[in-house]
$ cat final20.pdb   # PDB, C-alpha atoms
ATOM      1  CA  MET A  88     -28.003  90.305 -90.917
ATOM      2  CA  HIS A  89     -30.606  91.809 -93.250
ATOM      3  CA  TYR A  90     -34.317  91.057 -92.875
ATOM      4  CA  VAL A  91     -37.254  91.577 -95.190
ATOM      5  CA  ILE A  92     -40.427  92.741 -93.440
ATOM      6  CA  ARG A  93     -43.489  91.663 -95.396
ATOM      7  CA  PRO A  94     -47.024  90.291 -95.103
ATOM      8  CA  VAL A  95     -47.477  86.544 -94.988
ATOM      9  CA  ARG A  96     -48.527  84.768 -98.161
ATOM     10  CA  PRO A  97     -51.533  82.432 -98.261
ATOM     11  CA  ASN A  98     -49.444  79.296 -98.841
ATOM     12  CA  GLU A  99     -47.053  79.890 -95.916
ATOM     13  CA  TRP A 100     -49.204  78.226 -93.268
ATOM     14  CA  GLU A 101     -46.438  75.850 -92.146
ATOM     15  CA  LYS A 102     -44.125  78.790 -91.356
ATOM     16  CA  VAL A 103     -47.003  80.619 -89.639
ATOM     17  CA  LYS A 104     -47.529  77.538 -87.468
ATOM     18  CA  GLU A 105     -43.816  77.044 -86.730
ATOM     19  CA  LEU A 106     -43.268  80.662 -85.670
ATOM     20  CA  ARG A 107     -46.392  80.686 -83.499
ATOM     21  CA  ILE A 108     -45.315  77.511 -81.702
ATOM     22  CA  ALA A 109     -41.803  78.940 -81.245
ATOM     23  CA  GLY A 110     -43.384  82.011 -79.647
ATOM     24  CA  LEU A 111     -45.518  79.867 -77.370
ATOM     25  CA  LYS A 112     -42.394  78.004 -76.223
ATOM     26  CA  ASP A 113     -40.698  81.262 -75.200
ATOM     27  CA  PRO A 114     -40.339  81.639 -71.417
ATOM     28  CA  ALA A 115     -42.433  84.838 -71.567
ATOM     29  CA  ALA A 116     -45.322  83.082 -73.356
ATOM     30  CA  PRO A 117     -47.559  82.650 -70.271
ATOM     31  CA  VAL A 118     -47.822  86.443 -69.908
ATOM     32  CA  ALA A 119     -47.531  87.260 -73.620
ATOM     33  CA  PHE A 120     -50.123  85.046 -75.299
ATOM     34  CA  LEU A 121     -53.641  83.807 -74.581
ATOM     35  CA  GLU A 122     -52.878  80.387 -76.061
ATOM     36  CA  THR A 123     -50.720  77.461 -74.956
ATOM     37  CA  VAL A 124     -48.250  75.366 -76.931
ATOM     38  CA  GLU A 125     -50.547  72.378 -76.473
ATOM     39  CA  GLN A 126     -53.520  74.243 -77.927
ATOM     40  CA  ALA A 127     -51.531  75.411 -80.948
ATOM     41  CA  GLU A 128     -49.946  72.025 -81.606
ATOM     42  CA  GLY A 129     -53.383  70.401 -81.398
ATOM     43  CA  ARG A 130     -54.888  72.553 -84.133
ATOM     44  CA  PRO A 131     -55.427  70.836 -87.493
ATOM     45  CA  ASP A 132     -53.558  71.932 -90.611
ATOM     46  CA  GLU A 133     -56.787  73.466 -91.945
ATOM     47  CA  PHE A 134     -56.736  75.973 -89.056
ATOM     48  CA  TRP A 135     -53.225  77.122 -89.995
ATOM     49  CA  LYS A 136     -54.092  77.275 -93.696
ATOM     50  CA  GLU A 137     -57.101  79.489 -92.933
ATOM     51  CA  ARG A 138     -55.024  81.630 -90.591
ATOM     52  CA  ALA A 139     -52.343  82.276 -93.226
ATOM     53  CA  GLU A 140     -54.951  82.885 -95.925
ATOM     54  CA  GLY A 141     -56.921  85.313 -93.753
ATOM     55  CA  ALA A 142     -53.843  87.266 -92.660
ATOM     56  CA  SER A 143     -52.385  87.601 -96.154
ATOM     57  CA  HIS A 144     -54.878  89.938 -97.831
ATOM     58  CA  GLY A 145     -58.090  91.861 -97.347
ATOM     59  CA  ARG A 146     -59.042  94.209 -94.542
ATOM     60  CA  ALA A 147     -59.823  91.877 -91.609
ATOM     61  CA  ALA A 148     -56.249  91.025 -90.595
ATOM     62  CA  ARG A 149     -52.649  91.259 -91.720
ATOM     63  CA  GLN A 150     -49.677  89.357 -90.353
ATOM     64  CA  PHE A 151     -46.220  90.768 -90.963
ATOM     65  CA  VAL A 152     -43.089  88.661 -90.677
ATOM     66  CA  ALA A 153     -39.384  89.354 -90.550
ATOM     67  CA  GLU A 154     -37.638  86.990 -92.955
ATOM     68  CA  ALA A 155     -33.888  86.380 -92.892
ATOM     69  CA  ALA A 156     -31.835  86.003 -96.066
ATOM     70  CA  ASP A 157     -31.933  82.208 -95.615
ATOM     71  CA  GLY A 158     -35.764  82.246 -95.560
ATOM     72  CA  ARG A 159     -36.081  81.688 -91.801
ATOM     73  CA  TRP A 160     -38.758  83.724 -90.056
ATOM     74  CA  VAL A 161     -37.449  85.498 -86.973
ATOM     75  CA  GLY A 162     -40.367  87.654 -85.922
ATOM     76  CA  SER A 163     -43.988  88.513 -86.467
ATOM     77  CA  VAL A 164     -46.780  90.914 -85.565
ATOM     78  CA  THR A 165     -50.450  90.776 -86.567
ATOM     79  CA  VAL A 166     -53.057  93.512 -86.773
ATOM     80  CA  LEU A 167     -56.704  92.485 -86.527
ATOM     81  CA  ILE A 168     -59.407  94.942 -87.498
ATOM     82  CA  GLU A 169     -62.158  95.124 -84.906
ATOM     83  CA  GLU A 170     -65.380  96.551 -86.274
ATOM     84  CA  GLY A 171     -67.389  98.931 -84.118
ATOM     85  CA  GLY A 172     -70.473  97.272 -82.650
ATOM     86  CA  THR A 173     -68.879  93.831 -82.332
ATOM     87  CA  VAL A 174     -67.449  92.016 -79.307
ATOM     88  CA  ASP A 175     -63.712  91.344 -78.853
ATOM     89  CA  PHE A 176     -62.059  88.170 -77.528
ATOM     90  CA  PHE A 177     -62.343  89.526 -73.972
ATOM     91  CA  ASP A 178     -66.151  89.641 -74.469
ATOM     92  CA  GLN A 179     -66.010  93.435 -74.353
ATOM     93  CA  ALA A 180     -67.987  95.697 -76.687
ATOM     94  CA  VAL A 181     -65.920  97.271 -79.453
ATOM     95  CA  GLU A 182     -67.040 100.886 -79.542
ATOM     96  CA  ARG A 183     -65.284 101.971 -82.741
ATOM     97  CA  THR A 184     -63.588 100.394 -85.700
ATOM     98  CA  GLN A 185     -59.944 100.035 -84.728
ATOM     99  CA  GLY A 186     -56.816  97.987 -85.172
ATOM    100  CA  HIS A 187     -55.787  95.457 -82.557
ATOM    101  CA  VAL A 188     -52.156  94.312 -82.436
ATOM    102  CA  VAL A 189     -51.701  90.668 -81.407
ATOM    103  CA  GLY A 190     -49.144  87.883 -81.697
ATOM    104  CA  VAL A 191     -46.035  90.016 -81.228
ATOM    105  CA  PHE A 192     -42.991  87.748 -81.210
ATOM    106  CA  VAL A 193     -39.312  88.121 -82.074
ATOM    107  CA  ARG A 194     -36.875  85.273 -81.534
ATOM    108  CA  VAL A 195     -34.546  85.808 -78.575
ATOM    109  CA  GLU A 196     -31.406  86.234 -80.689
ATOM    110  CA  GLN A 197     -32.981  89.161 -82.621
ATOM    111  CA  ARG A 198     -34.383  91.078 -79.631
ATOM    112  CA  GLY A 199     -32.937  94.518 -79.093
ATOM    113  CA  THR A 200     -31.819  94.830 -82.730
ATOM    114  CA  GLY A 201     -34.614  97.120 -83.936
ATOM    115  CA  LEU A 202     -36.509  94.256 -85.547
ATOM    116  CA  THR A 203     -39.586  94.679 -83.350
ATOM    117  CA  GLU A 204     -39.722  98.370 -84.276
ATOM    118  CA  ALA A 205     -39.468  97.459 -87.977
ATOM    119  CA  LEU A 206     -42.325  94.974 -87.649
ATOM    120  CA  PHE A 207     -44.467  97.545 -85.847
ATOM    121  CA  ALA A 208     -43.683 100.182 -88.472
ATOM    122  CA  ALA A 209     -44.880  97.896 -91.277
ATOM    123  CA  ALA A 210     -47.989  96.781 -89.401
ATOM    124  CA  LEU A 211     -48.999 100.302 -88.432
ATOM    125  CA  GLU A 212     -48.331 101.678 -91.903
ATOM    126  CA  TRP A 213     -50.797  99.094 -93.221
ATOM    127  CA  ALA A 214     -53.353  99.951 -90.519
ATOM    128  CA  TRP A 215     -53.142 103.709 -91.132
ATOM    129  CA  GLU A 216     -53.575 103.222 -94.904
ATOM    130  CA  LEU A 217     -56.944 101.496 -94.494
ATOM    131  CA  GLU A 218     -59.933 103.497 -95.645
ATOM    132  CA  GLU A 219     -63.695 103.430 -95.200
ATOM    133  CA  PRO A 220     -63.481 103.877 -92.322
ATOM    134  CA  ALA A 221     -59.953 105.007 -91.648
ATOM    135  CA  LEU A 222     -58.692 103.829 -88.277
ATOM    136  CA  GLU A 223     -58.373 106.464 -85.568
ATOM    137  CA  ARG A 224     -56.433 104.170 -83.267
ATOM    138  CA  VAL A 225     -54.697 100.853 -82.836
ATOM    139  CA  ARG A 226     -54.758  99.087 -79.498
ATOM    140  CA  LEU A 227     -53.148  96.147 -77.802
ATOM    141  CA  PHE A 228     -53.309  94.466 -74.429
ATOM    142  CA  VAL A 229     -50.386  93.700 -72.145
ATOM    143  CA  HIS A 230     -50.453  91.280 -69.221
ATOM    144  CA  GLU A 231     -49.859  93.150 -65.970
ATOM    145  CA  ASP A 232     -46.740  91.010 -65.356
ATOM    146  CA  ASN A 233     -45.199  91.608 -68.803
ATOM    147  CA  ALA A 234     -43.104  94.664 -67.889
ATOM    148  CA  ARG A 235     -40.668  94.227 -70.804
ATOM    149  CA  ALA A 236     -43.464  94.356 -73.396
ATOM    150  CA  GLY A 237     -45.189  97.242 -71.631
ATOM    151  CA  ALA A 238     -41.952  99.235 -71.664
ATOM    152  CA  PHE A 239     -41.485  98.616 -75.399
ATOM    153  CA  TYR A 240     -45.050  99.676 -76.231
ATOM    154  CA  ARG A 241     -44.747 102.873 -74.182
ATOM    155  CA  LYS A 242     -41.398 103.671 -75.816
ATOM    156  CA  TYR A 243     -43.025 103.127 -79.216
ATOM    157  CA  GLY A 244     -45.753 105.659 -78.334
ATOM    158  CA  PHE A 245     -48.624 103.545 -77.025
ATOM    159  CA  GLU A 246     -50.388 105.006 -73.995
ATOM    160  CA  ALA A 247     -52.227 103.166 -71.233
ATOM    161  CA  THR A 248     -55.967 103.899 -71.358
ATOM    162  CA  GLY A 249     -56.801 102.678 -67.869
ATOM    163  CA  THR A 250     -58.969  99.892 -69.294
ATOM    164  CA  VAL A 251     -58.215  96.632 -67.490
ATOM    165  CA  VAL A 252     -59.767  93.271 -68.360
ATOM    166  CA  PRO A 253     -59.379  89.854 -66.722
ATOM    167  CA  VAL A 254     -57.263  87.271 -68.519
ATOM    168  CA  PRO A 255     -59.561  84.616 -70.010
ATOM    169  CA  GLY A 256     -59.359  81.518 -67.838
ATOM    170  CA  ASN A 257     -57.572  83.400 -65.031
ATOM    171  CA  PRO A 258     -59.760  86.240 -63.731
ATOM    172  CA  SER A 259     -57.238  87.112 -61.004
ATOM    173  CA  ALA A 260     -54.735  88.184 -63.693
ATOM    174  CA  LYS A 261     -55.241  91.381 -65.670
ATOM    175  CA  GLU A 262     -54.578  92.634 -69.190
ATOM    176  CA  LEU A 263     -53.939  96.375 -69.592
ATOM    177  CA  GLU A 264     -55.074  98.221 -72.711
ATOM    178  CA  TYR A 265     -52.639 100.489 -74.561
ATOM    179  CA  VAL A 266     -53.576 102.712 -77.507
ATOM    180  CA  LEU A 267     -51.677 104.449 -80.275
ATOM    181  CA  ARG A 268     -53.672 107.176 -81.997
ATOM    182  CA  ARG A 269     -53.472 107.825 -85.709
ATOM    183  CA  PRO A 270     -50.487 110.155 -86.221
ATOM    184  CA  ASP A 271     -52.449 112.880 -88.045
ATOM    185  CA  THR A 272     -55.190 112.994 -85.359
ATOM    186  CA  ALA A 273     -53.081 112.706 -82.185
TER
END
$ encode --input "final20.pdb" --output "structure tokens"
Amino acid sequence: MHYVIRPVRPNEWEKVKELRIAGLKDPAAPVAFLETVEQAEGRPDEFWKERAEGASHGRAARQFVAEAADGRWVGSVTVLIEEGGTVDFFDQAVERTQGHVVGVFVRVEQRGTGLTEALFAAALEWAWELEEPALERVRLFVHEDNARAGAFYRKYGFEATGTVVPVPGNPSAKELEYVLRRPDTA
């Protein structure tokens, strides 16, 4: 089956919501996401409208989706831009302006088909094209128990930095930082 990889559009909030909830229902969700199904389902429509709007244009964030020929969304990845001098969602100082990959999800039936790589390629192409300032790196965090995701990120070229942060709400669990450096500065 053929898929189109593209950014979300502002009016697609219902599909953004549906795909996020599908991801949160995945058996790997407890070690893949920092949100629960109940939290997502409890959010008002305005939240999802703002999320789609904010991830559809501008520099702050971009969500890419894989859309099947029948219009069904089968995967997604989002890149947030973290500005140097701010604080991230782990309450850690952001030392430099960088991309932060979040919300990686591909439906079970499409895993292992190259779709995740295609989503990452689109998301990173967007991140590397940003200017003023250009991003030197893109990072992501992987739960210490999410070996499958960690293996994919390493295969894709991300490297562990050694930075470890506690999972919000569960300080005994850890998130591991991985970084991919800009190709022309690696």
$ resolve_selection --input "final20.pdb" --expression "the PyMOL selection byres ((chain A and resi 233) around 12)" --output "list in words"
Pro114, Ala115, Ala116, Pro117, Val118, Ala119, Phe120, Phe228, Val229, His230, Glu231, Asp232, Ala234, Arg235, Ala236, Gly237, Ala238, Phe239, Tyr240, Ala260, Lys261, Glu262 and Leu263 of chain A
$ write_last_selection --input "final20.pdb" --atoms "C-alpha atoms" --output "PDB file, in the frame of the given file"
ATOM      1  CA  PRO A 114     -40.339  81.639 -71.417  1.00  0.00           C
ATOM      2  CA  ALA A 115     -42.433  84.838 -71.567  1.00  0.00           C
ATOM      3  CA  ALA A 116     -45.322  83.082 -73.356  1.00  0.00           C
ATOM      4  CA  PRO A 117     -47.559  82.650 -70.271  1.00  0.00           C
ATOM      5  CA  VAL A 118     -47.822  86.443 -69.908  1.00  0.00           C
ATOM      6  CA  ALA A 119     -47.531  87.260 -73.620  1.00  0.00           C
ATOM      7  CA  PHE A 120     -50.123  85.046 -75.299  1.00  0.00           C
ATOM      8  CA  PHE A 228     -53.309  94.466 -74.429  1.00  0.00           C
ATOM      9  CA  VAL A 229     -50.386  93.700 -72.145  1.00  0.00           C
ATOM     10  CA  HIS A 230     -50.453  91.280 -69.221  1.00  0.00           C
ATOM     11  CA  GLU A 231     -49.859  93.150 -65.970  1.00  0.00           C
ATOM     12  CA  ASP A 232     -46.740  91.010 -65.356  1.00  0.00           C
ATOM     13  CA  ALA A 234     -43.104  94.664 -67.889  1.00  0.00           C
ATOM     14  CA  ARG A 235     -40.668  94.227 -70.804  1.00  0.00           C
ATOM     15  CA  ALA A 236     -43.464  94.356 -73.396  1.00  0.00           C
ATOM     16  CA  GLY A 237     -45.189  97.242 -71.631  1.00  0.00           C
ATOM     17  CA  ALA A 238     -41.952  99.235 -71.664  1.00  0.00           C
ATOM     18  CA  PHE A 239     -41.485  98.616 -75.399  1.00  0.00           C
ATOM     19  CA  TYR A 240     -45.050  99.676 -76.231  1.00  0.00           C
ATOM     20  CA  ALA A 260     -54.735  88.184 -63.693  1.00  0.00           C
ATOM     21  CA  LYS A 261     -55.241  91.381 -65.670  1.00  0.00           C
ATOM     22  CA  GLU A 262     -54.578  92.634 -69.190  1.00  0.00           C
ATOM     23  CA  LEU A 263     -53.939  96.375 -69.592  1.00  0.00           C
TER      24      LEU A 263
END
$ atom_distance --input "final20.pdb" --atom1 "atom CA of Ala210 of chain A" --atom2 "atom CA of Ile92 of chain A"
9.5 Å
$ residues_around --input "final20.pdb" --residues "Gly162 of chain A" --least-positions-apart "3" --cutoff "7 Å" --atoms "only C-alpha atoms" --output "number ranges by chain"
A: 152-153, 192-194
$ residues_around --input "final20.pdb" --residues "Val91 of chain A" --least-positions-apart "2" --cutoff "7 Å" --atoms "all atoms listed in the file" --output "ChimeraX atom specification"
/A:89,93,153-155
$ residues_around --input "final20.pdb" --residues "segment 139-141 of chain A" --least-positions-apart "6" --cutoff "8 Å" --atoms "only C-alpha atoms" --output "PDB file with C-alpha atoms, in the coordinates of the input"
ATOM      1  CA  VAL A  95     -47.477  86.544 -94.988  1.00  0.00           C
ATOM      2  CA  ARG A  96     -48.527  84.768 -98.161  1.00  0.00           C
ATOM      3  CA  PRO A  97     -51.533  82.432 -98.261  1.00  0.00           C
ATOM      4  CA  ASN A  98     -49.444  79.296 -98.841  1.00  0.00           C
ATOM      5  CA  GLU A  99     -47.053  79.890 -95.916  1.00  0.00           C
ATOM      6  CA  TRP A 100     -49.204  78.226 -93.268  1.00  0.00           C
ATOM      7  CA  VAL A 103     -47.003  80.619 -89.639  1.00  0.00           C
ATOM      8  CA  ALA A 147     -59.823  91.877 -91.609  1.00  0.00           C
ATOM      9  CA  ALA A 148     -56.249  91.025 -90.595  1.00  0.00           C
ATOM     10  CA  ARG A 149     -52.649  91.259 -91.720  1.00  0.00           C
TER      11      ARG A 149
END
$ closest_atom_pairs --input "final20.pdb" --of "segment 143-177 of chain A" --to "segment 215-227 of chain A" --cutoff "10 Å" --atoms "all atoms listed in the file" --output "CSV"
residue,atom,partner,partner_atom,distance
A:Arg146,CA,A:Leu217,CA,7.6
A:Val166,CA,A:Val225,CA,8.5
A:Leu167,CA,A:Val225,CA,9.4
A:Ile168,CA,A:Val225,CA,8.9
A:Glu169,CA,A:Val225,CA,9.6
A:Glu170,CA,A:Pro220,CA,9.7
$ residues_around --input "final20.pdb" --residues "Thr248 of chain A" --least-positions-apart "4" --cutoff "9 Å" --atoms "all atoms listed in the file" --output "count of residues only"
4
$ atom_distance --input "final20.pdb" --atom1 "atom CA of Ser163 of chain A" --atom2 "atom CA of Leu111 of chain A"
12.6 Å
